[in-house]
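Asks: Take this structure, written in structure tokens, and hold onto it; I'll ask about it next.
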Amino acid sequence: MSTAPDTAATHRLWTFHGGLHLPDNKALSNGEPIAEAILPQRLVLPLQQHIGAPAKPLVEVGDKVFKGQIIAQADGFVSAPVHASSSGTVIAIDELPVPHPSGLSAPCIVIDTDGEERWCERQPIDNWSALDPSELRNLIRDAGIVGLGGAGFPSFIKLNPGARTAVDTLILNGAECEPYITCDDLLMRERPEEVVAGARIMRHALNARRVVIGIEDNKPEAYAALRGAVASLKRDDIELVQVPTLYPTGGEKQLIRILTGKEVPSQRLPVDIGVVCHNVATAASVHRAVEKGEPLIARIVTVTGRGIARPRNLEVLFGTPMQELVDQCGGTKPQLSRLVLGGPLMGITLPDVQLPIVKTTNCILALTPGEFGEHGPVRPCIRCGECARACPANLLPQQLYWHARAKDFDRAQDYNLFDCIECGCCAYVCPANLPLVQYYRFAKTEIWAQAREKRKADLARERHEFRSERQEREKAERAAKLAKKKADLAAKAPPGTATGPADDDAKKAAIQAAMERAKAKREAAGVAPKNTDELTADQQRQIAEAEARRAAKAQNDAAATPQPPVED
Ligand code: SF4
Ligand code: SF4
């Protein structure tokens with residue numbers, strides 16, 4: 001095997017503040033090659049396996065689906081599609097338990113597999129270097145690729161630095177610093193050419209000047225395998241660098257610091273300093289999406305810990321129940337004390353193993369009593385400062401703890417809460433056994449919830465203001481229209497014609513005067529009522545009698561009316 005120059009000897013390395021030397025426990029699971037997980041009878045595929053909006057289903061219950069077929073489309077820019085990880089029939093679209101710290105259920109598509117593993121049509125691309133970077137990003141987006149290092153952020157977004165930002169360095173993160181986890185180690189050992197091929201595609205998408213792959217020095221086999229893959233390319237734009245084993249070297253900002261000496265400023269992104277960082281497994285999945293036409297439907301998962309009968313790495317289809325992986329690894333031992341999703345420092349305790357494997361699942365850890373960082377009873381903070389010495393983000397964890405506990409979230413943000421990478425170093429060293437990271441997660445969740453509420457309230461206020469403005473505007477427009485109509489009428493009317501309110505009164509007075517003039521004329525002319533013409537003799541007699549009665553009554557009434565006193 002040809003070898004590349006040992007760049008670790010020539011590449012300058014920097015250090016970061018804090019960090020911990022921990023028992024890595026990687027030998028438990030890295031001694032066996034990757035095995036394929038058994039195809040389960042049922043796959044449960046959550047619509048949200050990434051950071052961003054959940055995908056929208058494109059299938060209905062009863063639909064037959066092929067392996068690799070898109071079954072839910074991205075909903076918005078920060079989102080990712082979901083593909084069927086095997087062929088079969090959709091039997092439900094429902095809320096089901098998913099692997100999430102909240103422990104809540106979320107919408108999932110459930111597929112009963114048919115055992116045939118029939119692929120949908122795939123469209124591999126050989127000459128990807130002829131494609132425009134935007135076309136490559138679209139392929140990566142449509143393949144549902146998200147960061148496989150644990151974050152789950154849609155990768156195509158991180159591969160789009162924008163027209164005004166130049167990327168100097170693409171860093172591939174092969175540090176895998178958290179104890180126990182070995183899925184990236186095994187990937188780099190067994191499939192180094194996939195990692196390197198993905199790195200080249202990503203570099204093209206970013207138009208980056210160079211690629212640096214960083215690997216902790218506790219993975220010599222992976223390093224050697226990658227050296228071979230890089231050397232076979234005979235290119236000098238991919239550097240391979242061994243970095244000292246220190247937790248959390250695999251943190252994005254920490255690895256950038258070690259490899260470039262650059263600090264990513266607080267609240268800023270690596271791209272702001274010309275660096276983009278992706279996980280080695282993400283690079284391999286980019287290669288498969290572009291050069292094999294395969295969307296992201298599977299990943300390597302480490303099943304390990306002293307509570308597992310046969311720790312190892314399995315290549316698993318998304319949606320596979322964790323229980324099936326545990327069974328394939330010989331089941332749990334009787335002394336099992338705790339199941340963790342992820343590593344011992346950043347992972348979350350699992351309620352059970354019926355949950356499905358998703359894109360961000362890198363490890364199922366079965367711990368026995370006292371195996372790793374078991375905490376004793378919680379005591380009050382003694383202000384020893386150990387947490388601050390260990391913090392790789394250079395924060396003051398005890399201050400963050402006080403403010404998070406007091407729900408003084410503004411102060412917690414003043415202490416750069418959002419620079420905390422939740423690495424757990426502070427909690428690991430805390431002699432008071434305080435669950436510090438849980439407080440930081442709680443504070444962040446509350447702040448996000450408050451920000452969401454504020455956004456909603458702002459939106460409602462804006463809508464109300466907009467509606468009031470619209471109503472005022474329409475009222476003014478109506479008034480203007482009426483005024484214009486009157487002005488038009490006035491302009492058309494003969495001179496002296498009344499059109500306004502004062503003119504209306506004059507008009508009424510004129511009509512009244514005309515009526516009175518007509519009445520006086522009628523009386524002066526002695527006009528008789530029209531219904532007295534051509535009467536019969538009998539009718540004339542009845543009228544004469546009625547007139548006589550009326551005259552007699554008038555006479556009587558006049559006699560009975562009291563007369564005013566006659567003045568002398
Ligand atoms: S390590 Fe624990 S006890 Fe010491 S200052 Fe930090 S929070 Fe307090
Ligand atoms: S969890 Fe946060 S506060 Fe604690 S050591 Fe890590 S970065 Fe620092």
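Residues in the structure tokens are named by chain (A, B, ... in the order shown) and by number from 1 within that chain; ligands are numbered from 1 in the order shown.
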Using DSSP on the backbone coordinates, identify all residues within range 280-319 of chain A classified as alpha helix (DSSP H); present the result as a ChimeraX atom specification.
Replies: /A:280-291
Asks: With C-alpha atoms retained, write the just-selected residues as a PDB file, in the first residue's frame.
Replies:
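Result file is again-v4.pdb:
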```
ATOM      1  CA  VAL A 280     -16.279  11.631   8.285  1.00  0.00           C
ATOM      2  CA  ALA A 281     -19.485   9.539   8.180  1.00  0.00           C
ATOM      3  CA  THR A 282     -21.321  12.452   6.564  1.00  0.00           C
ATOM      4  CA  ALA A 283     -18.593  12.566   3.898  1.00  0.00           C
ATOM      5  CA  ALA A 284     -19.038   8.840   3.196  1.00  0.00           C
ATOM      6  CA  SER A 285     -22.805   9.306   2.846  1.00  0.00           C
ATOM      7  CA  VAL A 286     -22.226  12.196   0.402  1.00  0.00           C
ATOM      8  CA  HIS A 287     -20.087   9.859  -1.714  1.00  0.00           C
ATOM      9  CA  ARG A 288     -22.835   7.196  -1.722  1.00  0.00           C
ATOM     10  CA  ALA A 289     -25.518   9.752  -2.608  1.00  0.00           C
ATOM     11  CA  VAL A 290     -23.599  11.248  -5.521  1.00  0.00           C
ATOM     12  CA  GLU A 291     -21.552   8.379  -6.935  1.00  0.00           C
TER      13      GLU A 291
END
```
Asks: Using only C-alpha atoms, determine which residues lie at most 6 Å from range 45-57 of chain A, disregarding the query and same-chain residues fewer than 4 positions distant; provide the list as an MDAnalysis selection string.
Replies: chainID A and resid 71:75 78:79 81 107:109 152:153 319 358:359
Asks: Store the residues picked out above, limited to C-alpha atoms, as a PDB file, in the first residue's frame.
Replies:
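Generated file (out-v2.pdb):
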```pdb
ATOM      1  CA  ILE A  71     -41.580   8.887   1.486  1.00  0.00           C
ATOM      2  CA  ALA A  72     -41.586  12.334   3.098  1.00  0.00           C
ATOM      3  CA  GLN A  73     -40.379  15.589   1.590  1.00  0.00           C
ATOM      4  CA  ALA A  74     -38.469  18.374   3.281  1.00  0.00           C
ATOM      5  CA  ASP A  75     -40.797  21.065   4.605  1.00  0.00           C
ATOM      6  CA  VAL A  78     -34.031  23.835   7.180  1.00  0.00           C
ATOM      7  CA  SER A  79     -35.489  20.364   6.834  1.00  0.00           C
ATOM      8  CA  PRO A  81     -36.522  14.362   3.342  1.00  0.00           C
ATOM      9  CA  PRO A 107     -45.209  11.532  13.718  1.00  0.00           C
ATOM     10  CA  CYS A 108     -43.669   8.453  12.071  1.00  0.00           C
ATOM     11  CA  ILE A 109     -44.204   6.403   8.924  1.00  0.00           C
ATOM     12  CA  GLY A 152     -28.300  16.199  12.477  1.00  0.00           C
ATOM     13  CA  PHE A 153     -28.097  19.580  10.750  1.00  0.00           C
ATOM     14  CA  GLY A 319     -36.269   2.720  11.635  1.00  0.00           C
ATOM     15  CA  VAL A 358     -32.555   7.409  13.409  1.00  0.00           C
ATOM     16  CA  LYS A 359     -29.995   9.372  11.403  1.00  0.00           C
TER      17      LYS A 359
END
```
Asks: How close does each residue of chain A get to ligand 2, giving the shortest atom pair and distance in Å to one decimal for every residue with an atom at most 8 Å away, counting only C-alpha atoms and all ligand atoms, sorted by chain and residue number, as a tab-separated table?
Replies:
```
residue	atom	partner	partner_atom_place_in_ligand_line	distance
A:Gly19	CA	ligand 2	5 (S)	7.9
A:Cys387	CA	ligand 2	5 (S)	6.4
A:Ala388	CA	ligand 2	5 (S)	7.1
A:Ala390	CA	ligand 2	5 (S)	5.9
A:Cys391	CA	ligand 2	5 (S)	3.6
A:Pro392	CA	ligand 2	7 (S)	5.7
A:Ala393	CA	ligand 2	7 (S)	4.9
A:Asn394	CA	ligand 2	8 (Fe)	6.6
A:Leu395	CA	ligand 2	8 (Fe)	5.6
A:Leu396	CA	ligand 2	3 (S)	6.6
A:Pro397	CA	ligand 2	3 (S)	4.4
A:Leu400	CA	ligand 2	3 (S)	7.3
A:Leu417	CA	ligand 2	3 (S)	7.7
A:Asp419	CA	ligand 2	7 (S)	6.9
A:Cys420	CA	ligand 2	2 (Fe)	3.8
A:Ile421	CA	ligand 2	7 (S)	4.5
A:Glu422	CA	ligand 2	1 (S)	3.6
A:Cys423	CA	ligand 2	6 (Fe)	4.0
A:Gly424	CA	ligand 2	1 (S)	4.2
A:Cys425	CA	ligand 2	5 (S)	4.3
A:Cys426	CA	ligand 2	5 (S)	4.1
A:Ala427	CA	ligand 2	4 (Fe)	6.5
A:Leu436	CA	ligand 2	4 (Fe)	7.0
A:Val437	CA	ligand 2	1 (S)	5.4
A:Tyr440	CA	ligand 2	2 (Fe)	7.5
```
Asks: When the cut-off is 6 Å and you count only C-alpha atoms and all ligand atoms, which residues lie near ligand 1, shown as a ChimeraX atom specification?
Replies: /A:381-387,398,430-432
Asks: Can you write out the residues you just picked, keeping C-alpha atoms, as an mmCIF file, in the first residue's frame?
Replies:
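Contents of out22.cif, as written:
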```cif
data_model
loop_
_atom_site.group_PDB
_atom_site.id
_atom_site.type_symbol
_atom_site.label_atom_id
_atom_site.label_comp_id
_atom_site.auth_asym_id
_atom_site.auth_seq_id
_atom_site.Cartn_x
_atom_site.Cartn_y
_atom_site.Cartn_z
ATOM 1 C CA CYS A 381 -21.870 23.705 45.075
ATOM 2 C CA ILE A 382 -18.652 24.284 47.045
ATOM 3 C CA ARG A 383 -17.278 26.842 44.551
ATOM 4 C CA CYS A 384 -14.164 24.786 43.929
ATOM 5 C CA GLY A 385 -13.815 26.002 40.310
ATOM 6 C CA GLU A 386 -13.052 22.525 38.926
ATOM 7 C CA CYS A 387 -15.820 22.914 36.354
ATOM 8 C CA GLN A 398 -20.926 27.333 38.121
ATOM 9 C CA CYS A 430 -17.975 18.299 39.810
ATOM 10 C CA PRO A 431 -17.354 16.967 43.349
ATOM 11 C CA ALA A 432 -20.886 18.001 44.322
#
```
Asks: In range 52-180 of chain A, what's strand (DSSP E or B) per DSSP? Answer as a ChimeraX atom specification?
Replies: /A:53,56-57,64-65,67,70-73,79,82-83,88-97,105-113,119,146,154,169-174
Asks: Take CA of Glu216 in chain A and CA of Phe318 in chain A and report the distance between them in Å, one decimal.
Replies: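 We find that CA of Glu216 in chain A and CA of Phe318 in chain A lie 27.9 Å from each other.
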Asks: To one decimal place, how far is CA of Val195 in chain A from CA of Leu172 in chain A in Å?
Replies: 8.9 Å
Asks: Which polymer residues have any atom within 8 Å of an atom of Gln323 in chain A, counting only C-alpha atoms, with same-chain residues fewer than 5 positions away left out, as a PyMOL selection string?
Replies: chain A and resi 353-355
Asks: For Thr445 in chain A, work out the shell of residues within 12 Å, counting only C-alpha atoms and skipping chain neighbours fewer than 4 positions away, then give it as a list in words.
Replies: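 In the requested form, the answer reads Pro101, Ser102, Ala404, Lys407, Phe409, Leu417, Phe418, Gln438, Tyr439, Tyr440, Arg441, Ala449, Gln450, Ala451 and Arg452 of chain A.
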Asks: Counting only C-alpha atoms, what is within 8 Å of range 31-41 of chain A, bar same-chain residues fewer than 4 positions away, as a ChimeraX atom specification?
Replies: /A:27,112-115,186,190,300,312-317,320-321,324-325,328
Asks: Convert the current residue selection to file output with N, CA and C atoms, as a PDB file, in the first residue's frame.
Replies:
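Below is the file out.pdb, written as the result:
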```
ATOM      1  N   ALA A  27     -11.825  -0.178  23.106  1.00  0.00           N
ATOM      2  CA  ALA A  27     -11.430  -1.537  22.745  1.00  0.00           C
ATOM      3  C   ALA A  27     -12.576  -2.534  22.923  1.00  0.00           C
ATOM      4  N   ASP A 112     -44.034  -2.134   6.927  1.00  0.00           N
ATOM      5  CA  ASP A 112     -43.795  -3.568   7.105  1.00  0.00           C
ATOM      6  C   ASP A 112     -42.923  -4.011   5.944  1.00  0.00           C
ATOM      7  N   THR A 113     -41.744  -4.539   6.248  1.00  0.00           N
ATOM      8  CA  THR A 113     -40.809  -4.898   5.168  1.00  0.00           C
ATOM      9  C   THR A 113     -41.256  -6.196   4.489  1.00  0.00           C
ATOM     10  N   ASP A 114     -40.902  -6.322   3.186  1.00  0.00           N
ATOM     11  CA  ASP A 114     -41.285  -7.552   2.456  1.00  0.00           C
ATOM     12  C   ASP A 114     -40.103  -8.516   2.314  1.00  0.00           C
ATOM     13  N   GLY A 115     -38.952  -8.128   2.833  1.00  0.00           N
ATOM     14  CA  GLY A 115     -37.783  -9.022   2.796  1.00  0.00           C
ATOM     15  C   GLY A 115     -37.076  -9.048   1.454  1.00  0.00           C
ATOM     16  N   LEU A 186     -14.397   2.518  12.895  1.00  0.00           N
ATOM     17  CA  LEU A 186     -14.566   1.352  12.019  1.00  0.00           C
ATOM     18  C   LEU A 186     -14.828   1.762  10.564  1.00  0.00           C
ATOM     19  N   GLU A 190     -12.430   0.553   7.556  1.00  0.00           N
ATOM     20  CA  GLU A 190     -12.932  -0.368   6.536  1.00  0.00           C
ATOM     21  C   GLU A 190     -13.290   0.303   5.217  1.00  0.00           C
ATOM     22  N   ILE A 300     -23.786   3.368  10.571  1.00  0.00           N
ATOM     23  CA  ILE A 300     -23.119   2.435  11.474  1.00  0.00           C
ATOM     24  C   ILE A 300     -23.414   2.872  12.911  1.00  0.00           C
ATOM     25  N   ARG A 312     -20.156  -4.429  19.628  1.00  0.00           N
ATOM     26  CA  ARG A 312     -19.651  -4.379  18.250  1.00  0.00           C
ATOM     27  C   ARG A 312     -20.322  -3.231  17.472  1.00  0.00           C
ATOM     28  N   ASN A 313     -19.976  -3.135  16.211  1.00  0.00           N
ATOM     29  CA  ASN A 313     -20.603  -2.116  15.350  1.00  0.00           C
ATOM     30  C   ASN A 313     -21.467  -2.798  14.304  1.00  0.00           C
ATOM     31  N   LEU A 314     -22.651  -2.234  14.100  1.00  0.00           N
ATOM     32  CA  LEU A 314     -23.590  -2.794  13.125  1.00  0.00           C
ATOM     33  C   LEU A 314     -23.977  -1.718  12.118  1.00  0.00           C
ATOM     34  N   GLU A 315     -24.125  -2.125  10.872  1.00  0.00           N
ATOM     35  CA  GLU A 315     -24.682  -1.194   9.873  1.00  0.00           C
ATOM     36  C   GLU A 315     -26.192  -1.396   9.896  1.00  0.00           C
ATOM     37  N   VAL A 316     -26.914  -0.322  10.199  1.00  0.00           N
ATOM     38  CA  VAL A 316     -28.335  -0.450  10.549  1.00  0.00           C
ATOM     39  C   VAL A 316     -29.209   0.409   9.636  1.00  0.00           C
ATOM     40  N   LEU A 317     -30.327  -0.166   9.188  1.00  0.00           N
ATOM     41  CA  LEU A 317     -31.310   0.619   8.430  1.00  0.00           C
ATOM     42  C   LEU A 317     -32.064   1.510   9.412  1.00  0.00           C
ATOM     43  N   THR A 320     -35.022   0.752  12.370  1.00  0.00           N
ATOM     44  CA  THR A 320     -34.884  -0.539  13.043  1.00  0.00           C
ATOM     45  C   THR A 320     -35.027  -0.344  14.553  1.00  0.00           C
ATOM     46  N   PRO A 321     -35.841  -1.156  15.244  1.00  0.00           N
ATOM     47  CA  PRO A 321     -35.947  -1.003  16.708  1.00  0.00           C
ATOM     48  C   PRO A 321     -34.611  -1.322  17.391  1.00  0.00           C
ATOM     49  N   GLU A 324     -33.741  -4.869  18.550  1.00  0.00           N
ATOM     50  CA  GLU A 324     -33.234  -5.885  17.618  1.00  0.00           C
ATOM     51  C   GLU A 324     -31.710  -5.849  17.545  1.00  0.00           C
ATOM     52  N   LEU A 325     -31.129  -4.657  17.689  1.00  0.00           N
ATOM     53  CA  LEU A 325     -29.662  -4.554  17.677  1.00  0.00           C
ATOM     54  C   LEU A 325     -29.085  -5.157  18.952  1.00  0.00           C
ATOM     55  N   GLN A 328     -29.176  -8.766  18.611  1.00  0.00           N
ATOM     56  CA  GLN A 328     -28.141  -9.261  17.687  1.00  0.00           C
ATOM     57  C   GLN A 328     -26.755  -9.254  18.345  1.00  0.00           C
TER      58      GLN A 328
END
```
Asks: For the atom pair CA of Asn30 in chain A and CA of Asp185 in chain A, what is the interatomic distance in Å to one decimal place?
Replies: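 If I compute the distance from CA of Asn30 in chain A to CA of Asp185 in chain A, I get 7.7 Å.
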Asks: I'd like to know which of A:Ala84, A:Val378, A:Leu365, A:Ala199 is closest to Ala229 in chain A, using only C-alpha atoms.
Replies: A:Ala199
Asks: Given only C-alpha atoms as the basis, pick out the residue of A:Phe16, A:Ala476, A:Asn416, A:Val243 nearest to Arg268 in chain A.
Replies: A:Asn416
Asks: Neighbouring residues of range 330-337 of chain A were defined as those with any atom within 12 Å, considering only C-alpha atoms; residues of the same chain fewer than 4 positions away were excluded. Please report them as a list in words.
Replies: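 The residues that qualify are Val303, Thr304, Gly305, Arg306, Gly307, Ile308, Ala309, Arg310, Pro311, Arg312, Met322, Gln323, Glu324, Leu325, Val326, Thr349, Leu350, Val353, Ile364, Leu365, Ala366, Leu367, Thr368, Pro369, Gly370, Glu371, Phe372 and Glu374 of chain A.
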Asks: Pull N, CA and C atoms from the residues just selected and write them as a PDB file, in the first residue's frame.
Replies:
```pdb
ATOM      1  N   VAL A 303     -22.847  -0.643  19.384  1.00  0.00           N
ATOM      2  CA  VAL A 303     -23.633  -1.205  20.504  1.00  0.00           C
ATOM      3  C   VAL A 303     -22.597  -1.720  21.495  1.00  0.00           C
ATOM      4  N   THR A 304     -22.498  -1.078  22.642  1.00  0.00           N
ATOM      5  CA  THR A 304     -21.352  -1.377  23.504  1.00  0.00           C
ATOM      6  C   THR A 304     -21.662  -1.171  24.991  1.00  0.00           C
ATOM      7  N   GLY A 305     -20.633  -1.279  25.788  1.00  0.00           N
ATOM      8  CA  GLY A 305     -20.771  -1.164  27.243  1.00  0.00           C
ATOM      9  C   GLY A 305     -20.637  -2.547  27.873  1.00  0.00           C
ATOM     10  N   ARG A 306     -20.302  -2.548  29.171  1.00  0.00           N
ATOM     11  CA  ARG A 306     -20.113  -3.846  29.843  1.00  0.00           C
ATOM     12  C   ARG A 306     -21.439  -4.525  30.151  1.00  0.00           C
ATOM     13  N   GLY A 307     -22.512  -3.855  29.851  1.00  0.00           N
ATOM     14  CA  GLY A 307     -23.825  -4.479  30.048  1.00  0.00           C
ATOM     15  C   GLY A 307     -24.327  -5.202  28.805  1.00  0.00           C
ATOM     16  N   ILE A 308     -23.489  -5.242  27.733  1.00  0.00           N
ATOM     17  CA  ILE A 308     -23.893  -5.927  26.475  1.00  0.00           C
ATOM     18  C   ILE A 308     -23.039  -7.187  26.327  1.00  0.00           C
ATOM     19  N   ALA A 309     -23.686  -8.252  25.898  1.00  0.00           N
ATOM     20  CA  ALA A 309     -22.964  -9.530  25.823  1.00  0.00           C
ATOM     21  C   ALA A 309     -21.836  -9.476  24.781  1.00  0.00           C
ATOM     22  N   ARG A 310     -22.107  -8.898  23.603  1.00  0.00           N
ATOM     23  CA  ARG A 310     -21.087  -8.899  22.543  1.00  0.00           C
ATOM     24  C   ARG A 310     -21.032  -7.512  21.885  1.00  0.00           C
ATOM     25  N   PRO A 311     -20.287  -6.599  22.487  1.00  0.00           N
ATOM     26  CA  PRO A 311     -20.223  -5.244  21.918  1.00  0.00           C
ATOM     27  C   PRO A 311     -19.611  -5.271  20.520  1.00  0.00           C
ATOM     28  N   ARG A 312     -20.156  -4.429  19.628  1.00  0.00           N
ATOM     29  CA  ARG A 312     -19.651  -4.379  18.250  1.00  0.00           C
ATOM     30  C   ARG A 312     -20.322  -3.231  17.472  1.00  0.00           C
ATOM     31  N   MET A 322     -34.246  -0.513  18.378  1.00  0.00           N
ATOM     32  CA  MET A 322     -32.973  -0.722  19.087  1.00  0.00           C
ATOM     33  C   MET A 322     -32.918  -2.113  19.723  1.00  0.00           C
ATOM     34  N   GLN A 323     -34.057  -2.591  20.136  1.00  0.00           N
ATOM     35  CA  GLN A 323     -34.092  -3.920  20.776  1.00  0.00           C
ATOM     36  C   GLN A 323     -33.480  -4.985  19.862  1.00  0.00           C
ATOM     37  N   GLU A 324     -33.741  -4.869  18.550  1.00  0.00           N
ATOM     38  CA  GLU A 324     -33.234  -5.885  17.618  1.00  0.00           C
ATOM     39  C   GLU A 324     -31.710  -5.849  17.545  1.00  0.00           C
ATOM     40  N   LEU A 325     -31.129  -4.657  17.689  1.00  0.00           N
ATOM     41  CA  LEU A 325     -29.662  -4.554  17.677  1.00  0.00           C
ATOM     42  C   LEU A 325     -29.085  -5.157  18.952  1.00  0.00           C
ATOM     43  N   VAL A 326     -29.744  -4.845  20.074  1.00  0.00           N
ATOM     44  CA  VAL A 326     -29.282  -5.396  21.357  1.00  0.00           C
ATOM     45  C   VAL A 326     -29.348  -6.927  21.291  1.00  0.00           C
ATOM     46  N   THR A 349     -30.295   9.149  28.757  1.00  0.00           N
ATOM     47  CA  THR A 349     -30.719   7.851  29.279  1.00  0.00           C
ATOM     48  C   THR A 349     -31.956   7.390  28.509  1.00  0.00           C
ATOM     49  N   LEU A 350     -31.921   6.118  28.104  1.00  0.00           N
ATOM     50  CA  LEU A 350     -33.035   5.575  27.314  1.00  0.00           C
ATOM     51  C   LEU A 350     -34.112   5.007  28.229  1.00  0.00           C
ATOM     52  N   VAL A 353     -35.690   0.112  24.936  1.00  0.00           N
ATOM     53  CA  VAL A 353     -35.000  -0.069  23.652  1.00  0.00           C
ATOM     54  C   VAL A 353     -35.990  -0.401  22.530  1.00  0.00           C
ATOM     55  N   ILE A 364     -25.514   2.847  21.172  1.00  0.00           N
ATOM     56  CA  ILE A 364     -26.372   2.372  22.269  1.00  0.00           C
ATOM     57  C   ILE A 364     -25.410   1.829  23.317  1.00  0.00           C
ATOM     58  N   LEU A 365     -25.446   2.432  24.479  1.00  0.00           N
ATOM     59  CA  LEU A 365     -24.468   2.109  25.514  1.00  0.00           C
ATOM     60  C   LEU A 365     -25.175   1.457  26.714  1.00  0.00           C
ATOM     61  N   ALA A 366     -24.735   0.257  27.048  1.00  0.00           N
ATOM     62  CA  ALA A 366     -25.326  -0.464  28.185  1.00  0.00           C
ATOM     63  C   ALA A 366     -24.311  -0.452  29.327  1.00  0.00           C
ATOM     64  N   LEU A 367     -24.578   0.328  30.349  1.00  0.00           N
ATOM     65  CA  LEU A 367     -23.624   0.494  31.453  1.00  0.00           C
ATOM     66  C   LEU A 367     -23.989  -0.399  32.636  1.00  0.00           C
ATOM     67  N   THR A 368     -22.965  -0.826  33.343  1.00  0.00           N
ATOM     68  CA  THR A 368     -23.170  -1.589  34.572  1.00  0.00           C
ATOM     69  C   THR A 368     -22.860  -0.671  35.765  1.00  0.00           C
ATOM     70  N   PRO A 369     -23.251  -1.032  36.970  1.00  0.00           N
ATOM     71  CA  PRO A 369     -23.046  -0.126  38.117  1.00  0.00           C
ATOM     72  C   PRO A 369     -21.572   0.256  38.287  1.00  0.00           C
ATOM     73  N   GLY A 370     -21.320   1.551  38.443  1.00  0.00           N
ATOM     74  CA  GLY A 370     -19.960   2.049  38.681  1.00  0.00           C
ATOM     75  C   GLY A 370     -19.049   2.003  37.474  1.00  0.00           C
ATOM     76  N   GLU A 371     -19.611   1.715  36.285  1.00  0.00           N
ATOM     77  CA  GLU A 371     -18.754   1.521  35.109  1.00  0.00           C
ATOM     78  C   GLU A 371     -18.118   2.819  34.610  1.00  0.00           C
ATOM     79  N   PHE A 372     -18.886   3.885  34.547  1.00  0.00           N
ATOM     80  CA  PHE A 372     -18.316   5.123  33.999  1.00  0.00           C
ATOM     81  C   PHE A 372     -18.999   6.321  34.647  1.00  0.00           C
ATOM     82  N   GLU A 374     -20.223   7.199  37.368  1.00  0.00           N
ATOM     83  CA  GLU A 374     -21.461   7.107  38.153  1.00  0.00           C
ATOM     84  C   GLU A 374     -21.452   8.200  39.215  1.00  0.00           C
TER      85      GLU A 374
END
```
Asks: What's the 12 Å shell around Thr245 in chain A, counting only C-alpha atoms, without same-chain residues fewer than 3 positions away, as a list in words?
Replies: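 Here the qualifying residues turn out to be Thr15, Gly19, Leu20, His21, Leu22, Pro23, Asp24, Gly174, Ala175, Glu176, Cys177, Glu178, Pro179, Gly214, Ile215, Glu216, Asp217, Asn218, Lys219, Pro220, Gln242, Pro248, Thr249, Gly250, Leu255 and Ile258 of chain A.
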Asks: For Leu131 in chain A, which residue among A:Val301, A:Ala163, A:Ala513, A:Ile201 is the nearest when counting only C-alpha atoms?
Replies: A:Ile201
Asks: With only C-alpha atoms as the atoms that count, which of A:Lys444, A:Arg164, A:Lys292, A:Lys262 lies nearest to Ile140 in chain A?
Replies: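 Closest candidate: A:Lys292.
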Asks: Considering only C-alpha atoms, can you say which of A:Asp408, A:Glu545, A:Glu472, A:Asp236 comes closest to Glu446 in chain A?
Replies: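 Selected residue with least distance to Glu446 in chain A: A:Asp408.
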